[in-house]
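In what follows, a single structure is set out as structure tokens and then discussed.
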Amino acid sequence: MRHPPRSVLAAVAGAVALIGSVTVPVVTASGAAPACSVEYSVTSQWDSGFQGAVKITNNTAAMSSWSLAFDFAGGQKLTQGWNAKWSQSGTTVTAASESYNGSLATGASVSAGFIASWSGSNAVPTSFKLNGTSCNTAVEPSPTPGPTDPAEDGPPVLRVSGNKLVDAGGATRRLLGVNRSGGEFMCVQGRGIFDGPVDDASVKAIADWKANTVRIPLNEECWLGLSTIDPAYAGANYINAVKDLVAKVKAHGMTPVVELHWTYGQYTGNSAGCSDVHASCQKPMPDMQYTPSFWASVANTFKNDRTVVFDLFNEPYPDRATSTTTQAWQCWRDGGSCPGIGYEVAGMQDLVDSVRGTGATNLILAGGIAYSNDLSQWLTYRPADPAGNLAAAWHVYNFNTCANESCWNSTLAPVAAQVPLVAGEIGENTCAHGFIDQVMKWFDDRGLSYLGWTWNTWDCSSGPSLISSYDGTPTAFGTGLRDRLRALNG
């Protein structure tokens with residue numbers, strides 16, 4: 001259990017003018033119970049600061065993680081907190097569950113406290129949301145989004161049926177398209193949100209290749225609006241930019257896949273991409289400190305639009321840190337204290353639970369170990385999904401270990417026989433398309449899905465890029481994917 005530092009308590013004791021607890025009452029419609037209730041208390045206050053607390057009660061289905069959001073109405077600034085991961089973006093304050101208090105059964109309560117500064121007014125917040133659901137007021141039942149909600153000419157609502165992805169009518173669907181990189185790195189580098197244009201014309205150019213899917217890599221610190229990120233590129237600004245791109249992708253009839261790429265947590269071991277604790281490179285595994293909150297927020301944002309697909313984590317590589325493959329797969333699924341990784345890991349089960357805890361039933365993708373190139377024990381360690389809507393993700397480049405048909409036949413085919421298989425990234429560093437031609441044929445022969453890396457105008461040898469211009473002009477590498485997509489969907 002966390003408590004305020006002694007230095008803070010001492011300062012409060014010396015300067016505080018103790019006031020009575022100010023509590024926000026629970027207001028409900030006659031005979032109706034709120035989905036959740038929040039009691040907000042100002043327990044002590046002094047000239048420039050105050051100590052507050054929240055008590056959260058969950059009146060709906062049990063949840064494995066929670067995130068409370070409310071707005072300071074008087075210019076207050078959060079300085080620290082305990083019993084939750086506290087953060088502030090603009091006026092919005094978020095308290096996300098810790099690993100030890102995330103489980104909240106029906107009727108159960110949890111409390112957390114904080115210190116904040118104030119001047120002029122210390123107005124009490126008037127509204128609270130728990131995992132995106134309004135608290136303290138009765139919630140009128142709303143219709144569950146149905147599989148026919150999206151416009152008929154939009155992308156389908158996808159669900160898992162055996163080893164296939166199917167639409168509302170039961171027809172088999174494949175995810176065939178591209179990655180649109182930028183959202184994972186531009187914001188954390190202070191250079192913007194996306195790399196290159198994401199206007200309607202640039203998205204239409206993707207559709208003109210006859211792609212039906214666009215994968216959008218994201219950064220958890222930018223989405224959550226943590227203080228290390230330029231506010232212009234973080235929090236609500238970042239989220240709105242992602243939502244806008246998702247809407248443009250859908251407007252052109254394509255499926256949006258939102259994917260977590262860069263995360264928090266210091267790792268300096270084998271194959272480390274950076275020594276920075278912040279989300280400035282690919283880490284071996286997601287972190288428990290922020291990633292469950294990220295996925296709870298993303299799921300709440302898109303849970304009423306089941307055309308959006310969730311890809312949990314780009315390229316796990318716990319196998320580079322652990323001594324054995326078994327340890328790597330256990331870390332992958334269960335998280336916790338993983339050998340060789342210095343931060344608490346969020347396993348794939350934690351992330352599935354975070355998504356499903358919001359009520360979201362969207363299709364989820366989970367990539368394996370070895371940078372998502374190894375699925376050899378994916379079936380053994382796959383996380384439990386109460387919605388039954390989980391598919392396997394796989395990445396391959398010409399320089400990976402599993403980059404030949406023998407490996408695909410021995411490790412991919414058994415997975416694809418039981419669950420849908422999506423190659424979330426395919427590519428090569430040769431500036432040609434001979435390798436991905438082999439990959440695409442193998443996947444086409446089996447009716448599987450694949451997405452090319454990447455729809456960006458980079459040097460194709462340093463980072464495989466499909467285009468030389470955002471009008472859709474292909475590189476020599478991109479020509480292979482474009483021609484294949486047009487042949488399949490033209």
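In the structure tokens, chains take letters A, B, ... by order of appearance, with residues numbered from 1 within each chain and ligands from 1 in the order shown.
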
Contacts of segment 376-388 of chain A at 7 Å (only C-alpha atoms; same-chain gap of 6+ positions) as a PDB file with all heavy atoms, in the first residue's frame:
```pdb
ATOM      1  N   TRP A 329       7.879 -17.606 -22.685  1.00  0.00           N
ATOM      2  CA  TRP A 329       6.456 -17.742 -22.948  1.00  0.00           C
ATOM      3  C   TRP A 329       5.626 -17.494 -21.694  1.00  0.00           C
ATOM      4  O   TRP A 329       4.531 -16.927 -21.767  1.00  0.00           O
ATOM      5  CB  TRP A 329       6.153 -19.122 -23.530  1.00  0.00           C
ATOM      6  CG  TRP A 329       6.431 -19.197 -25.002  1.00  0.00           C
ATOM      7  CD1 TRP A 329       7.472 -19.816 -25.618  1.00  0.00           C
ATOM      8  CD2 TRP A 329       5.650 -18.602 -26.050  1.00  0.00           C
ATOM      9  NE1 TRP A 329       7.403 -19.653 -26.981  1.00  0.00           N
ATOM     10  CE2 TRP A 329       6.295 -18.915 -27.280  1.00  0.00           C
ATOM     11  CE3 TRP A 329       4.481 -17.853 -26.081  1.00  0.00           C
ATOM     12  CZ2 TRP A 329       5.800 -18.486 -28.508  1.00  0.00           C
ATOM     13  CZ3 TRP A 329       3.980 -17.420 -27.305  1.00  0.00           C
ATOM     14  CH2 TRP A 329       4.640 -17.743 -28.504  1.00  0.00           C
ATOM     15  N   ARG A 333       2.755 -14.501 -21.439  1.00  0.00           N
ATOM     16  CA  ARG A 333       1.345 -14.628 -21.062  1.00  0.00           C
ATOM     17  C   ARG A 333       1.032 -14.001 -19.713  1.00  0.00           C
ATOM     18  O   ARG A 333       0.029 -13.292 -19.561  1.00  0.00           O
ATOM     19  CB  ARG A 333       0.939 -16.100 -21.028  1.00  0.00           C
ATOM     20  CG  ARG A 333      -0.551 -16.315 -20.709  1.00  0.00           C
ATOM     21  CD  ARG A 333      -0.863 -17.782 -20.491  1.00  0.00           C
ATOM     22  NE  ARG A 333      -0.142 -18.332 -19.342  1.00  0.00           N
ATOM     23  CZ  ARG A 333      -0.051 -19.637 -19.080  1.00  0.00           C
ATOM     24  NH1 ARG A 333      -0.633 -20.508 -19.882  1.00  0.00           N
ATOM     25  NH2 ARG A 333       0.626 -20.059 -18.027  1.00  0.00           N
ATOM     26  N   MET A 348       0.231 -10.776 -21.735  1.00  0.00           N
ATOM     27  CA  MET A 348      -0.880 -10.705 -22.674  1.00  0.00           C
ATOM     28  C   MET A 348      -2.225 -10.940 -21.984  1.00  0.00           C
ATOM     29  O   MET A 348      -3.236 -10.350 -22.374  1.00  0.00           O
ATOM     30  CB  MET A 348      -0.688 -11.722 -23.799  1.00  0.00           C
ATOM     31  CG  MET A 348       0.498 -11.452 -24.690  1.00  0.00           C
ATOM     32  SD  MET A 348       0.449  -9.849 -25.526  1.00  0.00           S
ATOM     33  CE  MET A 348       1.995  -9.144 -24.964  1.00  0.00           C
ATOM     34  N   GLN A 349      -2.238 -11.781 -20.948  1.00  0.00           N
ATOM     35  CA  GLN A 349      -3.492 -11.989 -20.221  1.00  0.00           C
ATOM     36  C   GLN A 349      -3.939 -10.708 -19.537  1.00  0.00           C
ATOM     37  O   GLN A 349      -5.130 -10.380 -19.521  1.00  0.00           O
ATOM     38  CB  GLN A 349      -3.346 -13.110 -19.203  1.00  0.00           C
ATOM     39  CG  GLN A 349      -4.657 -13.516 -18.537  1.00  0.00           C
ATOM     40  CD  GLN A 349      -5.643 -14.109 -19.535  1.00  0.00           C
ATOM     41  OE1 GLN A 349      -5.406 -15.161 -20.103  1.00  0.00           O
ATOM     42  NE2 GLN A 349      -6.763 -13.430 -19.762  1.00  0.00           N
ATOM     43  N   VAL A 352      -5.483  -8.500 -22.309  1.00  0.00           N
ATOM     44  CA  VAL A 352      -6.814  -8.986 -22.706  1.00  0.00           C
ATOM     45  C   VAL A 352      -7.832  -8.620 -21.627  1.00  0.00           C
ATOM     46  O   VAL A 352      -8.936  -8.136 -21.921  1.00  0.00           O
ATOM     47  CB  VAL A 352      -6.800 -10.508 -22.945  1.00  0.00           C
ATOM     48  CG1 VAL A 352      -8.224 -11.035 -23.128  1.00  0.00           C
ATOM     49  CG2 VAL A 352      -5.961 -10.852 -24.168  1.00  0.00           C
ATOM     50  N   THR A 361     -15.796  -5.895 -27.022  1.00  0.00           N
ATOM     51  CA  THR A 361     -15.717  -7.242 -27.584  1.00  0.00           C
ATOM     52  C   THR A 361     -14.995  -7.238 -28.931  1.00  0.00           C
ATOM     53  O   THR A 361     -15.046  -8.221 -29.666  1.00  0.00           O
ATOM     54  CB  THR A 361     -17.125  -7.848 -27.765  1.00  0.00           C
ATOM     55  OG1 THR A 361     -17.901  -6.999 -28.621  1.00  0.00           O
ATOM     56  CG2 THR A 361     -17.834  -7.999 -26.431  1.00  0.00           C
ATOM     57  N   GLY A 368       3.443 -13.258 -31.013  1.00  0.00           N
ATOM     58  CA  GLY A 368       4.251 -14.150 -30.188  1.00  0.00           C
ATOM     59  C   GLY A 368       5.554 -13.532 -29.737  1.00  0.00           C
ATOM     60  O   GLY A 368       5.716 -12.307 -29.693  1.00  0.00           O
ATOM     61  N   THR A 411       5.628 -24.349 -37.815  1.00  0.00           N
ATOM     62  CA  THR A 411       5.188 -23.549 -36.661  1.00  0.00           C
ATOM     63  C   THR A 411       3.948 -22.709 -36.926  1.00  0.00           C
ATOM     64  O   THR A 411       3.129 -22.512 -36.020  1.00  0.00           O
ATOM     65  CB  THR A 411       6.315 -22.616 -36.163  1.00  0.00           C
ATOM     66  OG1 THR A 411       6.628 -21.670 -37.198  1.00  0.00           O
ATOM     67  CG2 THR A 411       7.553 -23.405 -35.782  1.00  0.00           C
ATOM     68  N   VAL A 415      -0.830 -23.336 -35.892  1.00  0.00           N
ATOM     69  CA  VAL A 415      -1.572 -22.227 -35.286  1.00  0.00           C
ATOM     70  C   VAL A 415      -2.746 -21.837 -36.179  1.00  0.00           C
ATOM     71  O   VAL A 415      -3.884 -21.687 -35.728  1.00  0.00           O
ATOM     72  CB  VAL A 415      -0.647 -21.016 -35.042  1.00  0.00           C
ATOM     73  CG1 VAL A 415      -1.443 -19.818 -34.521  1.00  0.00           C
ATOM     74  CG2 VAL A 415       0.466 -21.374 -34.060  1.00  0.00           C
TER      75      VAL A 415
END
```

Residue contacts of Leu351 of chain A (8 Å, only C-alpha atoms) excluding same-chain residues fewer than 5 positions away, as a ChimeraX atom specification: /A:291-292,295,312,346

How would the residues just chosen look if you wrote them out with all heavy atoms as a CSV table (one decimal), in the first residue's frame?
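Okay, this is what ended up in part_37.csv:
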```csv
chain,number,residue,atom,x,y,z
A,291,THR,N,0.6,0.2,-19.3
A,291,THR,CA,0.0,-0.4,-20.5
A,291,THR,C,-1.5,-0.9,-20.2
A,291,THR,O,-2.3,-0.7,-21.1
A,291,THR,CB,0.8,-1.6,-21.0
A,291,THR,OG1,2.2,-1.2,-21.2
A,291,THR,CG2,0.3,-2.1,-22.3
A,292,PRO,N,-1.8,-1.5,-19.0
A,292,PRO,CA,-3.2,-1.8,-18.8
A,292,PRO,C,-4.1,-0.6,-18.9
A,292,PRO,O,-5.2,-0.7,-19.4
A,292,PRO,CB,-3.2,-2.5,-17.4
A,292,PRO,CG,-1.8,-3.0,-17.3
A,292,PRO,CD,-0.9,-2.0,-18.0
A,295,TRP,N,-4.6,0.4,-22.5
A,295,TRP,CA,-5.6,-0.5,-23.3
A,295,TRP,C,-7.0,-0.3,-22.7
A,295,TRP,O,-8.0,-0.3,-23.5
A,295,TRP,CB,-5.2,-1.9,-23.2
A,295,TRP,CG,-4.3,-2.2,-24.4
A,295,TRP,CD1,-3.0,-2.6,-24.4
A,295,TRP,CD2,-4.6,-2.1,-25.8
A,295,TRP,NE1,-2.5,-2.8,-25.6
A,295,TRP,CE2,-3.5,-2.4,-26.5
A,295,TRP,CE3,-5.8,-1.7,-26.5
A,295,TRP,CZ2,-3.5,-2.4,-27.9
A,295,TRP,CZ3,-5.8,-1.7,-27.9
A,295,TRP,CH2,-4.6,-2.0,-28.6
A,312,LEU,N,-2.4,-6.0,-29.5
A,312,LEU,CA,-2.0,-5.7,-28.1
A,312,LEU,C,-0.6,-5.1,-28.0
A,312,LEU,O,-0.4,-4.2,-27.1
A,312,LEU,CB,-2.1,-7.0,-27.3
A,312,LEU,CG,-3.5,-7.5,-27.0
A,312,LEU,CD1,-3.5,-8.7,-26.2
A,312,LEU,CD2,-4.4,-6.4,-26.4
A,346,ALA,N,3.5,-6.4,-17.9
A,346,ALA,CA,2.1,-6.7,-18.2
A,346,ALA,C,2.1,-7.8,-19.2
A,346,ALA,O,2.5,-7.6,-20.3
A,346,ALA,CB,1.3,-5.5,-18.7
```

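Nearest residue to Leu363 of chain A, choosing from A:Thr255, A:Asn83, A:Thr325, A:Ser465 and counting only C-alpha atoms: A:Thr255.
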
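Candidate residues A:Leu485, A:Ile436, A:Phe50, A:Asn429 were compared for distance to Gly463 of chain A, and the nearest is A:Asn429, using only C-alpha atoms.
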
Excluding segment 59-66 of chain A and any residue of its chain fewer than 3 positions from it, enumerate the residues within 6 Å of it, using only C-alpha atoms, and give them as a PyMOL selection string. chain A and resi 35-36+96-97+102-107+131+354+357

Name all residues at most 8 Å from segment 171-187 of chain A (count only C-alpha atoms; drop same-chain ones fewer than 4 positions away) and give them as a compact mmCIF listing (two decimals) with C-alpha atoms, in the first residue's frame.
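See result.txt below for the written result:
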```
# COMPACT_ATOMS: atom_id res chain seq x y z
CA LEU A 158 -15.04 -8.99 -37.58
CA LYS A 164 -11.36 -17.83 -39.74
CA LEU A 165 -12.30 -14.19 -39.47
CA VAL A 166 -15.90 -13.71 -40.52
CA ASP A 167 -18.30 -10.80 -40.92
CA ARG A 191 8.14 16.35 -33.84
CA GLY A 192 4.38 15.95 -34.28
CA ILE A 193 1.90 13.08 -34.22
CA PHE A 194 2.18 11.38 -37.61
CA ASP A 195 5.06 11.12 -40.06
CA GLY A 196 3.80 12.69 -43.26
CA ILE A 206 -3.95 3.46 -49.67
CA LYS A 210 -7.09 -2.11 -53.02
CA ALA A 211 -5.99 -2.46 -49.41
CA ASN A 212 -8.79 -3.27 -46.99
CA THR A 213 -6.84 -2.74 -43.73
CA VAL A 214 -4.56 -0.09 -42.18
CA ARG A 215 -2.56 -0.83 -39.04
CA ILE A 216 -1.82 2.27 -36.92
CA PRO A 217 1.08 1.99 -34.41
CA LEU A 218 0.68 4.00 -31.20
CA ASN A 219 2.72 5.24 -28.23
CA CYS A 222 1.50 10.03 -25.88
CA ILE A 229 5.44 14.50 -23.85
CA ASP A 230 4.83 17.91 -25.45
CA TYR A 233 1.21 15.97 -29.23
CA ALA A 234 -0.22 14.22 -26.17
CA THR A 255 -10.49 -1.86 -41.33
CA LEU A 260 0.61 -0.52 -29.20
CA HIS A 261 4.17 -0.12 -30.45
CA TRP A 262 6.37 1.79 -27.95
CA SER A 280 11.15 5.94 -27.02
CA CYS A 281 11.82 2.49 -28.48
CA VAL A 422 -2.61 -12.30 -39.27
CA GLU A 425 4.09 -6.90 -40.67
CA GLY A 447 -6.56 -17.76 -47.07
CA LEU A 448 -4.64 -15.89 -44.36
CA SER A 449 -4.10 -12.18 -43.70
CA TYR A 450 -1.05 -9.93 -44.15
CA LEU A 451 -0.07 -6.25 -43.93
CA GLY A 452 2.99 -4.67 -45.54
CA TRP A 453 5.46 -2.50 -43.62
CA THR A 454 5.22 0.43 -44.18
CA TRP A 455 3.26 3.26 -45.87
CA ASN A 456 6.02 5.84 -45.30
CA LEU A 485 -3.54 -6.50 -53.51
```

From the DSSP assignment of the backbone, select every residue of segment 18-237 of chain A that is helix (DSSP H, G or I), and format the answer as a list of chain:residue names. A:Asp200, A:Ala201, A:Ser202, A:Val203, A:Lys204, A:Ala205, A:Ile206, A:Ala207, A:Asp208, A:Glu220, A:Glu221, A:Cys222, A:Trp223, A:Leu224, A:Pro231, A:Ala232, A:Tyr233, A:Gly235, A:Ala236, A:Asn237

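All residues of protein, DNA or RNA that reach within 8 Å of Asp483 of chain A, judged by only C-alpha atoms and not counting those fewer than 4 positions away in the chain, are Trp209, Thr479 and Ala487 of chain A.
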
Requested write-out: N, CA, C and O atoms of the selected residues, as a short mmCIF file (atom, residue, chain, number, x, y, z; two decimals), in the first residue's frame:
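Generated file (selection.cif):
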```
data_model
loop_
_atom_site.label_atom_id
_atom_site.label_comp_id
_atom_site.auth_asym_id
_atom_site.auth_seq_id
_atom_site.Cartn_x
_atom_site.Cartn_y
_atom_site.Cartn_z
N TRP A 209 -4.78 1.22 -53.68
CA TRP A 209 -3.98 -0.01 -53.86
C TRP A 209 -4.86 -1.24 -53.67
O TRP A 209 -4.38 -2.36 -53.76
N THR A 479 5.91 -2.21 -55.01
CA THR A 479 5.22 -2.69 -56.21
C THR A 479 4.70 -4.12 -56.02
O THR A 479 3.61 -4.46 -56.48
N ALA A 487 -4.53 -7.56 -57.58
CA ALA A 487 -4.91 -8.83 -58.20
C ALA A 487 -5.97 -9.55 -57.37
O ALA A 487 -6.88 -10.19 -57.92
#
```

Within segment 98-327 of chain A, find each residue whose DSSP state, derived from the backbone, is strand (DSSP E or B), and express the selection as a PyMOL selection string. chain A and resi 104+109-117+119+121+128-130+133-134+138+159-161+164-166+172-173+176-179+213-219+255-262+287+309-311

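Considering only C-alpha atoms, the residue among A:Ala432, A:Ala207, A:Leu421, A:Ala476 positioned nearest to Asn398 of chain A is A:Ala432.
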
Write out as a tab-separated table a residue-level contact list of segment 280-376 of chain A versus segment 108-130 of chain A with cut-off 12 Å: for each qualifying residue the closest pair of atoms and the distance in Å to one decimal, counting only C-alpha atoms, rows sorted by chain and residue number upward.
```
residue	atom	partner	partner_atom	distance
A:Ser293	CA	A:Leu130	CA	11.6
A:Ala296	CA	A:Leu130	CA	10.1
A:Ser297	CA	A:Leu130	CA	10.2
A:Asn300	CA	A:Leu130	CA	10.0
A:Gly357	CA	A:Leu130	CA	11.0
A:Thr358	CA	A:Leu130	CA	9.3
```

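Between atom CA of Phe477 of chain A and atom CA of Ala416 of chain A lies a distance of 26.6 Å.
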
Selection near Val93 of chain A, 8 Å with only C-alpha atoms, sequence-local residues under 2 positions removed, as a list in words: Ala69, Phe70, Asp71, Phe72, Leu78, Trp86, Ser87, Gln88, Ser89, Thr91 and Ala95 of chain A

Mind pulling up the distance from atom CA of Lys250 of chain A to atom CA of Ala279 of chain A? 28.0 Å

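Using only C-alpha atoms for every distance, the candidate list A:Ala413, A:Thr322, A:Ser48, A:Gly367 yields A:Ala413 as the residue closest to Asp445 of chain A.
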